[in-house]
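Source file: work.cif; contents: mmCIF, N, CA and C atoms.
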```cif
data_data
#
loop_
_atom_site.label_atom_id
_atom_site.label_comp_id
_atom_site.auth_asym_id
_atom_site.auth_seq_id
_atom_site.Cartn_x
_atom_site.Cartn_y
_atom_site.Cartn_z
N GLN M 202 14.47 3.69 11.93
CA GLN M 202 13.12 4.16 12.22
C GLN M 202 12.58 4.89 11.00
N VAL M 203 11.36 4.58 10.64
CA VAL M 203 10.70 5.20 9.50
C VAL M 203 9.33 5.69 9.94
N LEU M 204 9.04 6.93 9.67
CA LEU M 204 7.72 7.49 9.93
C LEU M 204 6.98 7.60 8.61
N LEU M 205 5.78 7.02 8.57
CA LEU M 205 5.00 6.97 7.34
C LEU M 205 3.70 7.75 7.51
N VAL M 206 3.37 8.57 6.52
CA VAL M 206 2.14 9.36 6.58
C VAL M 206 1.41 9.23 5.25
N GLU M 207 0.21 8.62 5.31
CA GLU M 207 -0.61 8.46 4.11
C GLU M 207 -1.48 9.68 3.88
N SER M 208 -1.83 9.88 2.62
CA SER M 208 -2.77 10.93 2.25
C SER M 208 -3.45 10.55 0.95
N GLY M 209 -4.52 11.28 0.62
CA GLY M 209 -5.19 11.07 -0.64
C GLY M 209 -6.48 10.31 -0.58
N GLY M 210 -6.85 9.82 0.59
CA GLY M 210 -8.11 9.11 0.69
C GLY M 210 -9.30 10.03 0.51
N GLY M 211 -10.46 9.42 0.36
CA GLY M 211 -11.67 10.22 0.20
C GLY M 211 -12.83 9.39 -0.26
N LEU M 212 -13.87 10.07 -0.74
CA LEU M 212 -15.08 9.44 -1.22
C LEU M 212 -15.10 9.50 -2.74
N VAL M 213 -15.37 8.36 -3.36
CA VAL M 213 -15.40 8.29 -4.82
C VAL M 213 -16.52 7.34 -5.23
N GLN M 214 -17.09 7.59 -6.40
CA GLN M 214 -18.13 6.71 -6.90
C GLN M 214 -17.54 5.45 -7.50
N ALA M 215 -18.31 4.40 -7.50
CA ALA M 215 -17.87 3.16 -8.12
C ALA M 215 -17.49 3.42 -9.58
N GLY M 216 -16.39 2.80 -9.98
CA GLY M 216 -15.88 3.02 -11.32
C GLY M 216 -14.88 4.15 -11.42
N GLY M 217 -14.78 4.92 -10.37
CA GLY M 217 -13.88 6.05 -10.36
C GLY M 217 -12.46 5.68 -9.97
N SER M 218 -11.63 6.70 -9.84
CA SER M 218 -10.21 6.51 -9.53
C SER M 218 -9.81 7.39 -8.36
N LEU M 219 -8.75 6.95 -7.72
CA LEU M 219 -8.22 7.69 -6.59
C LEU M 219 -6.75 7.34 -6.44
N SER M 220 -5.95 8.31 -6.04
CA SER M 220 -4.53 8.05 -5.83
C SER M 220 -4.14 8.33 -4.39
N LEU M 221 -3.46 7.39 -3.80
CA LEU M 221 -2.96 7.55 -2.44
C LEU M 221 -1.46 7.79 -2.47
N SER M 222 -1.00 8.53 -1.50
CA SER M 222 0.44 8.76 -1.34
C SER M 222 0.84 8.39 0.07
N CYS M 223 2.10 8.01 0.21
CA CYS M 223 2.64 7.71 1.53
C CYS M 223 4.03 8.32 1.58
N ALA M 224 4.18 9.32 2.41
CA ALA M 224 5.46 10.01 2.55
C ALA M 224 6.24 9.42 3.72
N ALA M 225 7.49 9.14 3.49
CA ALA M 225 8.34 8.53 4.52
C ALA M 225 9.40 9.51 4.99
N SER M 226 9.68 9.45 6.26
CA SER M 226 10.74 10.29 6.81
C SER M 226 12.08 9.56 6.69
N GLY M 227 13.14 10.26 6.94
CA GLY M 227 14.44 9.61 6.95
C GLY M 227 15.14 9.63 5.61
N ARG M 228 16.41 9.30 5.62
CA ARG M 228 17.22 9.34 4.41
C ARG M 228 17.50 7.96 3.85
N THR M 229 16.82 6.93 4.36
CA THR M 229 17.08 5.58 3.91
C THR M 229 15.85 4.94 3.28
N PHE M 230 14.99 5.75 2.71
CA PHE M 230 13.74 5.24 2.13
C PHE M 230 14.01 4.15 1.12
N SER M 231 15.03 4.32 0.32
CA SER M 231 15.32 3.36 -0.75
C SER M 231 15.80 2.00 -0.23
N SER M 232 16.05 1.90 1.06
CA SER M 232 16.45 0.61 1.63
C SER M 232 15.26 -0.20 2.11
N TYR M 233 14.05 0.31 1.92
CA TYR M 233 12.84 -0.38 2.35
C TYR M 233 11.97 -0.76 1.17
N ALA M 234 11.54 -1.99 1.16
CA ALA M 234 10.43 -2.36 0.29
C ALA M 234 9.17 -1.80 0.94
N MET M 235 8.21 -1.44 0.12
CA MET M 235 7.00 -0.78 0.64
C MET M 235 5.76 -1.57 0.24
N GLY M 236 4.82 -1.55 1.15
CA GLY M 236 3.57 -2.25 0.89
C GLY M 236 2.36 -1.39 1.21
N TRP M 237 1.25 -1.76 0.61
CA TRP M 237 -0.05 -1.18 0.94
C TRP M 237 -0.94 -2.31 1.44
N PHE M 238 -1.64 -2.04 2.51
CA PHE M 238 -2.63 -2.96 3.07
C PHE M 238 -3.94 -2.19 3.24
N ARG M 239 -5.00 -2.91 3.48
CA ARG M 239 -6.28 -2.25 3.75
C ARG M 239 -7.07 -3.06 4.76
N GLN M 240 -7.94 -2.35 5.47
CA GLN M 240 -8.79 -2.99 6.45
C GLN M 240 -10.20 -2.43 6.36
N ALA M 241 -11.12 -3.31 5.98
CA ALA M 241 -12.53 -2.93 5.90
C ALA M 241 -13.17 -3.15 7.27
N PRO M 242 -14.28 -2.47 7.53
CA PRO M 242 -14.96 -2.64 8.82
C PRO M 242 -15.30 -4.09 9.11
N GLY M 243 -14.93 -4.55 10.27
CA GLY M 243 -15.24 -5.91 10.67
C GLY M 243 -14.38 -6.98 10.05
N LYS M 244 -13.38 -6.56 9.29
CA LYS M 244 -12.51 -7.54 8.63
C LYS M 244 -11.06 -7.36 9.06
N GLU M 245 -10.28 -8.37 8.79
CA GLU M 245 -8.86 -8.29 9.10
C GLU M 245 -8.14 -7.44 8.05
N ARG M 246 -7.00 -6.93 8.44
CA ARG M 246 -6.18 -6.18 7.50
C ARG M 246 -5.65 -7.14 6.43
N GLU M 247 -5.70 -6.70 5.17
CA GLU M 247 -5.27 -7.56 4.09
C GLU M 247 -4.28 -6.87 3.17
N PHE M 248 -3.45 -7.69 2.58
CA PHE M 248 -2.42 -7.22 1.65
C PHE M 248 -3.06 -6.69 0.38
N VAL M 249 -2.50 -5.59 -0.13
CA VAL M 249 -2.97 -5.01 -1.38
C VAL M 249 -1.87 -5.06 -2.44
N ALA M 250 -0.71 -4.50 -2.11
CA ALA M 250 0.36 -4.42 -3.10
C ALA M 250 1.70 -4.21 -2.40
N ARG M 251 2.75 -4.56 -3.14
CA ARG M 251 4.10 -4.37 -2.63
C ARG M 251 5.01 -3.95 -3.76
N ILE M 252 6.01 -3.12 -3.44
CA ILE M 252 7.00 -2.70 -4.42
C ILE M 252 8.39 -2.85 -3.82
N SER M 253 9.30 -3.31 -4.63
CA SER M 253 10.66 -3.54 -4.17
C SER M 253 11.39 -2.23 -3.93
N ARG M 254 12.57 -2.33 -3.36
CA ARG M 254 13.36 -1.14 -3.03
C ARG M 254 13.66 -0.27 -4.25
N SER M 255 13.95 -0.92 -5.33
CA SER M 255 14.29 -0.18 -6.55
C SER M 255 13.06 0.25 -7.34
N GLY M 256 11.94 -0.39 -7.03
CA GLY M 256 10.72 -0.12 -7.78
C GLY M 256 10.53 -1.01 -8.99
N VAL M 257 11.47 -1.91 -9.22
CA VAL M 257 11.40 -2.75 -10.41
C VAL M 257 10.34 -3.85 -10.27
N THR M 258 10.23 -4.41 -9.07
CA THR M 258 9.33 -5.54 -8.86
C THR M 258 8.11 -5.12 -8.06
N THR M 259 6.94 -5.48 -8.57
CA THR M 259 5.69 -5.21 -7.87
C THR M 259 4.88 -6.49 -7.74
N ARG M 260 4.08 -6.54 -6.70
CA ARG M 260 3.19 -7.67 -6.45
C ARG M 260 1.85 -7.15 -6.00
N TYR M 261 0.78 -7.88 -6.36
CA TYR M 261 -0.57 -7.42 -6.06
C TYR M 261 -1.43 -8.57 -5.54
N ALA M 262 -2.39 -8.20 -4.74
CA ALA M 262 -3.44 -9.15 -4.40
C ALA M 262 -4.28 -9.39 -5.63
N ASP M 263 -4.82 -10.58 -5.75
CA ASP M 263 -5.64 -10.92 -6.92
C ASP M 263 -6.84 -9.98 -7.05
N SER M 264 -7.35 -9.53 -5.93
CA SER M 264 -8.56 -8.70 -5.93
C SER M 264 -8.34 -7.32 -6.55
N VAL M 265 -7.09 -6.88 -6.64
CA VAL M 265 -6.82 -5.54 -7.17
C VAL M 265 -5.97 -5.58 -8.44
N LYS M 266 -5.50 -6.75 -8.82
CA LYS M 266 -4.62 -6.87 -9.98
C LYS M 266 -5.32 -6.35 -11.23
N GLY M 267 -4.63 -5.51 -11.96
CA GLY M 267 -5.21 -4.93 -13.16
C GLY M 267 -5.96 -3.63 -12.92
N ARG M 268 -6.22 -3.32 -11.65
CA ARG M 268 -6.95 -2.08 -11.32
C ARG M 268 -6.09 -1.11 -10.52
N PHE M 269 -5.19 -1.63 -9.71
CA PHE M 269 -4.34 -0.80 -8.86
C PHE M 269 -2.90 -0.86 -9.37
N ILE M 270 -2.20 0.24 -9.19
CA ILE M 270 -0.78 0.30 -9.54
C ILE M 270 0.00 0.91 -8.39
N ILE M 271 1.00 0.21 -7.93
CA ILE M 271 1.89 0.73 -6.90
C ILE M 271 3.16 1.25 -7.56
N SER M 272 3.64 2.37 -7.09
CA SER M 272 4.87 2.94 -7.63
C SER M 272 5.57 3.70 -6.51
N ARG M 273 6.79 4.11 -6.78
CA ARG M 273 7.53 4.86 -5.77
C ARG M 273 8.48 5.84 -6.43
N ASP M 274 8.79 6.88 -5.69
CA ASP M 274 9.78 7.87 -6.11
C ASP M 274 10.77 8.00 -4.96
N ASN M 275 11.90 7.36 -5.10
CA ASN M 275 12.87 7.35 -3.99
C ASN M 275 13.48 8.73 -3.74
N ALA M 276 13.49 9.57 -4.75
CA ALA M 276 14.01 10.93 -4.57
C ALA M 276 13.07 11.76 -3.70
N LYS M 277 11.78 11.38 -3.71
CA LYS M 277 10.79 12.11 -2.92
C LYS M 277 10.36 11.35 -1.67
N ASN M 278 10.99 10.21 -1.43
CA ASN M 278 10.64 9.39 -0.26
C ASN M 278 9.14 9.10 -0.21
N THR M 279 8.58 8.76 -1.34
CA THR M 279 7.13 8.58 -1.41
C THR M 279 6.77 7.33 -2.20
N VAL M 280 5.76 6.63 -1.70
CA VAL M 280 5.19 5.51 -2.43
C VAL M 280 3.73 5.85 -2.74
N TYR M 281 3.26 5.38 -3.88
CA TYR M 281 1.93 5.74 -4.36
C TYR M 281 1.10 4.48 -4.61
N LEU M 282 -0.20 4.67 -4.57
CA LEU M 282 -1.12 3.62 -4.98
C LEU M 282 -2.19 4.27 -5.85
N ARG M 283 -2.14 3.96 -7.12
CA ARG M 283 -3.14 4.47 -8.05
C ARG M 283 -4.24 3.42 -8.17
N MET M 284 -5.46 3.82 -7.82
CA MET M 284 -6.59 2.90 -7.81
C MET M 284 -7.59 3.30 -8.87
N SER M 285 -7.94 2.38 -9.72
CA SER M 285 -8.89 2.64 -10.80
C SER M 285 -10.00 1.61 -10.76
N SER M 286 -11.06 1.90 -11.50
CA SER M 286 -12.22 0.98 -11.55
C SER M 286 -12.62 0.55 -10.14
N LEU M 287 -12.73 1.51 -9.29
CA LEU M 287 -12.99 1.20 -7.88
C LEU M 287 -14.38 0.59 -7.69
N LYS M 288 -14.46 -0.30 -6.72
CA LYS M 288 -15.68 -1.01 -6.39
C LYS M 288 -16.04 -0.72 -4.93
N PRO M 289 -17.31 -0.86 -4.59
CA PRO M 289 -17.70 -0.64 -3.19
C PRO M 289 -16.89 -1.52 -2.23
N GLU M 290 -16.53 -2.71 -2.66
CA GLU M 290 -15.76 -3.60 -1.79
C GLU M 290 -14.32 -3.16 -1.59
N ASP M 291 -13.91 -2.11 -2.28
CA ASP M 291 -12.58 -1.53 -2.02
C ASP M 291 -12.61 -0.56 -0.84
N THR M 292 -13.79 -0.29 -0.32
CA THR M 292 -13.92 0.60 0.82
C THR M 292 -13.16 0.05 2.02
N ALA M 293 -12.27 0.86 2.56
CA ALA M 293 -11.43 0.40 3.68
C ALA M 293 -10.52 1.55 4.12
N ILE M 294 -9.86 1.32 5.23
CA ILE M 294 -8.75 2.18 5.60
C ILE M 294 -7.51 1.59 4.95
N TYR M 295 -6.77 2.42 4.25
CA TYR M 295 -5.58 1.96 3.54
C TYR M 295 -4.34 2.40 4.31
N TYR M 296 -3.44 1.44 4.49
CA TYR M 296 -2.21 1.67 5.24
C TYR M 296 -1.00 1.40 4.37
N CYS M 297 0.02 2.22 4.50
CA CYS M 297 1.29 1.87 3.88
C CYS M 297 2.21 1.33 4.97
N ALA M 298 3.17 0.54 4.53
CA ALA M 298 4.05 -0.13 5.47
C ALA M 298 5.43 -0.30 4.85
N ALA M 299 6.44 -0.38 5.69
CA ALA M 299 7.82 -0.49 5.23
C ALA M 299 8.47 -1.77 5.74
N ASP M 300 9.21 -2.41 4.86
CA ASP M 300 9.90 -3.65 5.18
C ASP M 300 11.38 -3.48 4.88
N GLY M 301 12.20 -3.52 5.91
CA GLY M 301 13.63 -3.33 5.74
C GLY M 301 14.41 -4.62 5.70
N THR M 302 13.70 -5.75 5.67
CA THR M 302 14.39 -7.04 5.71
C THR M 302 14.48 -7.66 4.32
N THR M 303 15.14 -8.78 4.27
CA THR M 303 15.25 -9.53 3.02
C THR M 303 13.88 -10.04 2.60
N PHE M 304 13.62 -10.03 1.32
CA PHE M 304 12.31 -10.46 0.82
C PHE M 304 12.01 -11.90 1.23
N SER M 305 10.78 -12.10 1.64
CA SER M 305 10.32 -13.44 2.00
C SER M 305 9.02 -13.74 1.29
N GLU M 306 9.01 -14.81 0.53
CA GLU M 306 7.80 -15.22 -0.19
C GLU M 306 6.68 -15.55 0.78
N THR M 307 7.04 -15.99 1.98
CA THR M 307 6.02 -16.43 2.93
C THR M 307 5.46 -15.30 3.77
N SER M 308 6.13 -14.15 3.80
CA SER M 308 5.68 -13.10 4.73
C SER M 308 5.31 -11.79 4.07
N TYR M 309 5.57 -11.62 2.79
CA TYR M 309 5.37 -10.29 2.22
C TYR M 309 3.91 -9.90 2.12
N ARG M 310 3.02 -10.90 2.22
CA ARG M 310 1.59 -10.60 2.21
C ARG M 310 1.01 -10.48 3.61
N THR M 311 1.84 -10.55 4.60
CA THR M 311 1.36 -10.54 5.98
C THR M 311 1.80 -9.27 6.71
N GLU M 312 1.04 -8.90 7.73
CA GLU M 312 1.41 -7.75 8.54
C GLU M 312 2.77 -7.93 9.19
N ALA M 313 3.07 -9.16 9.56
CA ALA M 313 4.34 -9.45 10.23
C ALA M 313 5.54 -9.18 9.35
N GLY M 314 5.32 -9.08 8.05
CA GLY M 314 6.43 -8.84 7.14
C GLY M 314 6.86 -7.39 7.05
N TYR M 315 6.21 -6.52 7.82
CA TYR M 315 6.48 -5.09 7.76
C TYR M 315 6.67 -4.54 9.17
N ALA M 316 7.73 -3.76 9.35
CA ALA M 316 8.05 -3.27 10.69
C ALA M 316 7.43 -1.90 10.99
N TYR M 317 7.18 -1.12 9.96
CA TYR M 317 6.71 0.24 10.17
C TYR M 317 5.40 0.47 9.42
N TRP M 318 4.51 1.22 10.08
CA TRP M 318 3.17 1.42 9.53
C TRP M 318 2.76 2.88 9.65
N GLY M 319 1.97 3.32 8.67
CA GLY M 319 1.35 4.62 8.76
C GLY M 319 0.06 4.55 9.55
N GLN M 320 -0.58 5.69 9.68
CA GLN M 320 -1.81 5.77 10.47
C GLN M 320 -3.06 5.42 9.66
N GLY M 321 -2.92 5.37 8.36
CA GLY M 321 -4.03 4.98 7.50
C GLY M 321 -4.79 6.15 6.94
N THR M 322 -5.43 5.92 5.81
CA THR M 322 -6.29 6.92 5.18
C THR M 322 -7.54 6.22 4.67
N GLN M 323 -8.69 6.84 4.89
CA GLN M 323 -9.97 6.22 4.56
C GLN M 323 -10.30 6.38 3.09
N VAL M 324 -10.69 5.29 2.48
CA VAL M 324 -11.19 5.29 1.11
C VAL M 324 -12.61 4.72 1.15
N THR M 325 -13.54 5.48 0.62
CA THR M 325 -14.93 5.05 0.58
C THR M 325 -15.42 5.09 -0.85
N VAL M 326 -15.93 3.97 -1.33
CA VAL M 326 -16.44 3.87 -2.69
C VAL M 326 -17.94 3.67 -2.61
N SER M 327 -18.67 4.61 -3.16
CA SER M 327 -20.13 4.54 -3.13
C SER M 327 -20.65 3.84 -4.38
N SER M 328 -21.76 3.14 -4.21
CA SER M 328 -22.33 2.41 -5.35
C SER M 328 -23.32 3.25 -6.11
#
```
Write-out of the structure in structure tokens:
Amino acid sequence: QVLLVESGGGLVQAGGSLSLSCAASGRTFSSYAMGWFRQAPGKEREFVARISRSGVTTRYADSVKGRFIISRDNAKNTVYLRMSSLKPEDTAIYYCAADGTTFSETSYRTEAGYAYWGQGTQVTVSS
């Protein structure tokens, strides 16, 4: 069981930056790959980024590649999402999620690929 709590959301102007954090409970954080997803009003939840258990491998949605950076600190049980060059279309509730299973190329971009979810944090980008 993993309890995830996001923080760091807020209001930022287009072109600005924002950093999100996701703190995980438990002593087995390093056994989970971690992901960030987002859900804009009226839209389905979509994949944003993923980081492997060790932090060596990262993956991004095309829409955020080059602007967002996912990282983790296993000693602090925390995963981060650094967002730069923000656009109004980045406005959404951002969720972190944990995956304790073997990596799957077919599922890592889907909600079904993650067993544990945080409550989300709102990010609003004004134009």
**Request:** Find the residues near Gln214 (chain M): any atom within 6.5 Å, counting all atoms listed in the file, skip ones fewer than 5 places away on the same chain, and give them as a ChimeraX atom specification.
**Result:** /M:287,325-328
Which protein, DNA or RNA residues are at most 6.5 Å from (0.3, -4.6, -4.4) in the file's coordinates when you count all atoms listed in the file, listed as a PDB file with N, CA and C atoms, keeping the file's coordinate frame?
```
ATOM      1  N   TRP M 237       1.250  -1.760   0.610  1.00  0.00           N
ATOM      2  CA  TRP M 237      -0.050  -1.180   0.940  1.00  0.00           C
ATOM      3  C   TRP M 237      -0.940  -2.310   1.440  1.00  0.00           C
ATOM      4  N   PHE M 248      -3.450  -7.690   2.580  1.00  0.00           N
ATOM      5  CA  PHE M 248      -2.420  -7.220   1.650  1.00  0.00           C
ATOM      6  C   PHE M 248      -3.060  -6.690   0.380  1.00  0.00           C
ATOM      7  N   VAL M 249      -2.500  -5.590  -0.130  1.00  0.00           N
ATOM      8  CA  VAL M 249      -2.970  -5.010  -1.380  1.00  0.00           C
ATOM      9  C   VAL M 249      -1.870  -5.060  -2.440  1.00  0.00           C
ATOM     10  N   ALA M 250      -0.710  -4.500  -2.110  1.00  0.00           N
ATOM     11  CA  ALA M 250       0.360  -4.420  -3.100  1.00  0.00           C
ATOM     12  C   ALA M 250       1.700  -4.210  -2.400  1.00  0.00           C
ATOM     13  N   ARG M 251       2.750  -4.560  -3.140  1.00  0.00           N
ATOM     14  CA  ARG M 251       4.100  -4.370  -2.630  1.00  0.00           C
ATOM     15  C   ARG M 251       5.010  -3.950  -3.760  1.00  0.00           C
ATOM     16  N   ILE M 252       6.010  -3.120  -3.440  1.00  0.00           N
ATOM     17  CA  ILE M 252       7.000  -2.700  -4.420  1.00  0.00           C
ATOM     18  C   ILE M 252       8.390  -2.850  -3.820  1.00  0.00           C
ATOM     19  N   THR M 259       6.940  -5.480  -8.570  1.00  0.00           N
ATOM     20  CA  THR M 259       5.690  -5.210  -7.870  1.00  0.00           C
ATOM     21  C   THR M 259       4.880  -6.490  -7.740  1.00  0.00           C
ATOM     22  N   ARG M 260       4.080  -6.540  -6.700  1.00  0.00           N
ATOM     23  CA  ARG M 260       3.190  -7.670  -6.450  1.00  0.00           C
ATOM     24  C   ARG M 260       1.850  -7.150  -6.000  1.00  0.00           C
ATOM     25  N   TYR M 261       0.780  -7.880  -6.360  1.00  0.00           N
ATOM     26  CA  TYR M 261      -0.570  -7.420  -6.060  1.00  0.00           C
ATOM     27  C   TYR M 261      -1.430  -8.570  -5.540  1.00  0.00           C
ATOM     28  N   ALA M 262      -2.390  -8.200  -4.740  1.00  0.00           N
ATOM     29  CA  ALA M 262      -3.440  -9.150  -4.400  1.00  0.00           C
ATOM     30  C   ALA M 262      -4.280  -9.390  -5.630  1.00  0.00           C
ATOM     31  N   ILE M 271       1.000   0.210  -7.930  1.00  0.00           N
ATOM     32  CA  ILE M 271       1.890   0.730  -6.900  1.00  0.00           C
ATOM     33  C   ILE M 271       3.160   1.250  -7.560  1.00  0.00           C
TER      34      ILE M 271
END
```
**Request:** Pick out the residues sitting within 6.5 Å of region 220-227 of chain M, and hand them over as number ranges by chain; count only N, CA and C atoms, and ignore anything fewer than 4 positions along from it in its own chain.
**Result:** M: 202-210, 277-284, 297
**Message:** Can you measure CA of Glu247 (chain M) to CA of Tyr295 (chain M) for me? One decimal in Å is fine.
**Reply:** 9.5 Å
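Note that the spacing between atom N of Asp300 (chain M) and atom C of Tyr317 (chain M) amounts to 6.6 Å.
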**Message:** List as a PyMOL selection string the protein and nucleic acid residues near Arg254 (chain M), meaning an atom at most 7 Å away when only C-alpha atoms are counted, but skip any in the same chain fewer than 5 places from it.
**Reply:** chain M and resi 231-234
Could you save those same residues with N, CA and C atoms as a CSV table (one decimal), in the coordinates of the input?
```csv
chain,number,residue,atom,x,y,z
M,231,SER,N,15.0,4.3,0.3
M,231,SER,CA,15.3,3.4,-0.8
M,231,SER,C,15.8,2.0,-0.2
M,232,SER,N,16.0,1.9,1.1
M,232,SER,CA,16.4,0.6,1.6
M,232,SER,C,15.3,-0.2,2.1
M,233,TYR,N,14.0,0.3,1.9
M,233,TYR,CA,12.8,-0.4,2.4
M,233,TYR,C,12.0,-0.8,1.2
M,234,ALA,N,11.5,-2.0,1.2
M,234,ALA,CA,10.4,-2.4,0.3
M,234,ALA,C,9.2,-1.8,0.9
```
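Compared by their closest atoms to Ala215 (chain M), and using all atoms listed in the file, the residues M:Lys266, M:Pro289, M:Ser253, M:Tyr309 rank with M:Pro289 nearest.
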**Message:** DSSP on the backbone, strand (DSSP E) only: what residues of region 219-273 of chain M does that give? Format it as a PyMOL selection string.
**Reply:** chain M and resi 219-225+234-240+247-252+259-261+269-273
Kindly export the residues of the current selection with N, CA and C atoms, as a PDB file, keeping the file's coordinate frame.
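Written output follows (selection22.pdb):
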```
ATOM      1  N   LEU M 219      -8.750   6.950  -7.720  1.00  0.00           N
ATOM      2  CA  LEU M 219      -8.220   7.690  -6.590  1.00  0.00           C
ATOM      3  C   LEU M 219      -6.750   7.340  -6.440  1.00  0.00           C
ATOM      4  N   SER M 220      -5.950   8.310  -6.040  1.00  0.00           N
ATOM      5  CA  SER M 220      -4.530   8.050  -5.830  1.00  0.00           C
ATOM      6  C   SER M 220      -4.140   8.330  -4.390  1.00  0.00           C
ATOM      7  N   LEU M 221      -3.460   7.390  -3.800  1.00  0.00           N
ATOM      8  CA  LEU M 221      -2.960   7.550  -2.440  1.00  0.00           C
ATOM      9  C   LEU M 221      -1.460   7.790  -2.470  1.00  0.00           C
ATOM     10  N   SER M 222      -1.000   8.530  -1.500  1.00  0.00           N
ATOM     11  CA  SER M 222       0.440   8.760  -1.340  1.00  0.00           C
ATOM     12  C   SER M 222       0.840   8.390   0.070  1.00  0.00           C
ATOM     13  N   CYS M 223       2.100   8.010   0.210  1.00  0.00           N
ATOM     14  CA  CYS M 223       2.640   7.710   1.530  1.00  0.00           C
ATOM     15  C   CYS M 223       4.030   8.320   1.580  1.00  0.00           C
ATOM     16  N   ALA M 224       4.180   9.320   2.410  1.00  0.00           N
ATOM     17  CA  ALA M 224       5.460  10.010   2.550  1.00  0.00           C
ATOM     18  C   ALA M 224       6.240   9.420   3.720  1.00  0.00           C
ATOM     19  N   ALA M 225       7.490   9.140   3.490  1.00  0.00           N
ATOM     20  CA  ALA M 225       8.340   8.530   4.520  1.00  0.00           C
ATOM     21  C   ALA M 225       9.400   9.510   4.990  1.00  0.00           C
ATOM     22  N   ALA M 234      11.540  -1.990   1.160  1.00  0.00           N
ATOM     23  CA  ALA M 234      10.430  -2.360   0.290  1.00  0.00           C
ATOM     24  C   ALA M 234       9.170  -1.800   0.940  1.00  0.00           C
ATOM     25  N   MET M 235       8.210  -1.440   0.120  1.00  0.00           N
ATOM     26  CA  MET M 235       7.000  -0.780   0.640  1.00  0.00           C
ATOM     27  C   MET M 235       5.760  -1.570   0.240  1.00  0.00           C
ATOM     28  N   GLY M 236       4.820  -1.550   1.150  1.00  0.00           N
ATOM     29  CA  GLY M 236       3.570  -2.250   0.890  1.00  0.00           C
ATOM     30  C   GLY M 236       2.360  -1.390   1.210  1.00  0.00           C
ATOM     31  N   TRP M 237       1.250  -1.760   0.610  1.00  0.00           N
ATOM     32  CA  TRP M 237      -0.050  -1.180   0.940  1.00  0.00           C
ATOM     33  C   TRP M 237      -0.940  -2.310   1.440  1.00  0.00           C
ATOM     34  N   PHE M 238      -1.640  -2.040   2.510  1.00  0.00           N
ATOM     35  CA  PHE M 238      -2.630  -2.960   3.070  1.00  0.00           C
ATOM     36  C   PHE M 238      -3.940  -2.190   3.240  1.00  0.00           C
ATOM     37  N   ARG M 239      -5.000  -2.910   3.480  1.00  0.00           N
ATOM     38  CA  ARG M 239      -6.280  -2.250   3.750  1.00  0.00           C
ATOM     39  C   ARG M 239      -7.070  -3.060   4.760  1.00  0.00           C
ATOM     40  N   GLN M 240      -7.940  -2.350   5.470  1.00  0.00           N
ATOM     41  CA  GLN M 240      -8.790  -2.990   6.450  1.00  0.00           C
ATOM     42  C   GLN M 240     -10.200  -2.430   6.360  1.00  0.00           C
ATOM     43  N   GLU M 247      -5.700  -6.700   5.170  1.00  0.00           N
ATOM     44  CA  GLU M 247      -5.270  -7.560   4.090  1.00  0.00           C
ATOM     45  C   GLU M 247      -4.280  -6.870   3.170  1.00  0.00           C
ATOM     46  N   PHE M 248      -3.450  -7.690   2.580  1.00  0.00           N
ATOM     47  CA  PHE M 248      -2.420  -7.220   1.650  1.00  0.00           C
ATOM     48  C   PHE M 248      -3.060  -6.690   0.380  1.00  0.00           C
ATOM     49  N   VAL M 249      -2.500  -5.590  -0.130  1.00  0.00           N
ATOM     50  CA  VAL M 249      -2.970  -5.010  -1.380  1.00  0.00           C
ATOM     51  C   VAL M 249      -1.870  -5.060  -2.440  1.00  0.00           C
ATOM     52  N   ALA M 250      -0.710  -4.500  -2.110  1.00  0.00           N
ATOM     53  CA  ALA M 250       0.360  -4.420  -3.100  1.00  0.00           C
ATOM     54  C   ALA M 250       1.700  -4.210  -2.400  1.00  0.00           C
ATOM     55  N   ARG M 251       2.750  -4.560  -3.140  1.00  0.00           N
ATOM     56  CA  ARG M 251       4.100  -4.370  -2.630  1.00  0.00           C
ATOM     57  C   ARG M 251       5.010  -3.950  -3.760  1.00  0.00           C
ATOM     58  N   ILE M 252       6.010  -3.120  -3.440  1.00  0.00           N
ATOM     59  CA  ILE M 252       7.000  -2.700  -4.420  1.00  0.00           C
ATOM     60  C   ILE M 252       8.390  -2.850  -3.820  1.00  0.00           C
ATOM     61  N   THR M 259       6.940  -5.480  -8.570  1.00  0.00           N
ATOM     62  CA  THR M 259       5.690  -5.210  -7.870  1.00  0.00           C
ATOM     63  C   THR M 259       4.880  -6.490  -7.740  1.00  0.00           C
ATOM     64  N   ARG M 260       4.080  -6.540  -6.700  1.00  0.00           N
ATOM     65  CA  ARG M 260       3.190  -7.670  -6.450  1.00  0.00           C
ATOM     66  C   ARG M 260       1.850  -7.150  -6.000  1.00  0.00           C
ATOM     67  N   TYR M 261       0.780  -7.880  -6.360  1.00  0.00           N
ATOM     68  CA  TYR M 261      -0.570  -7.420  -6.060  1.00  0.00           C
ATOM     69  C   TYR M 261      -1.430  -8.570  -5.540  1.00  0.00           C
ATOM     70  N   PHE M 269      -5.190  -1.630  -9.710  1.00  0.00           N
ATOM     71  CA  PHE M 269      -4.340  -0.800  -8.860  1.00  0.00           C
ATOM     72  C   PHE M 269      -2.900  -0.860  -9.370  1.00  0.00           C
ATOM     73  N   ILE M 270      -2.200   0.240  -9.190  1.00  0.00           N
ATOM     74  CA  ILE M 270      -0.780   0.300  -9.540  1.00  0.00           C
ATOM     75  C   ILE M 270       0.000   0.910  -8.390  1.00  0.00           C
ATOM     76  N   ILE M 271       1.000   0.210  -7.930  1.00  0.00           N
ATOM     77  CA  ILE M 271       1.890   0.730  -6.900  1.00  0.00           C
ATOM     78  C   ILE M 271       3.160   1.250  -7.560  1.00  0.00           C
ATOM     79  N   SER M 272       3.640   2.370  -7.090  1.00  0.00           N
ATOM     80  CA  SER M 272       4.870   2.940  -7.630  1.00  0.00           C
ATOM     81  C   SER M 272       5.570   3.700  -6.510  1.00  0.00           C
ATOM     82  N   ARG M 273       6.790   4.110  -6.780  1.00  0.00           N
ATOM     83  CA  ARG M 273       7.530   4.860  -5.770  1.00  0.00           C
ATOM     84  C   ARG M 273       8.480   5.840  -6.430  1.00  0.00           C
TER      85      ARG M 273
END
```
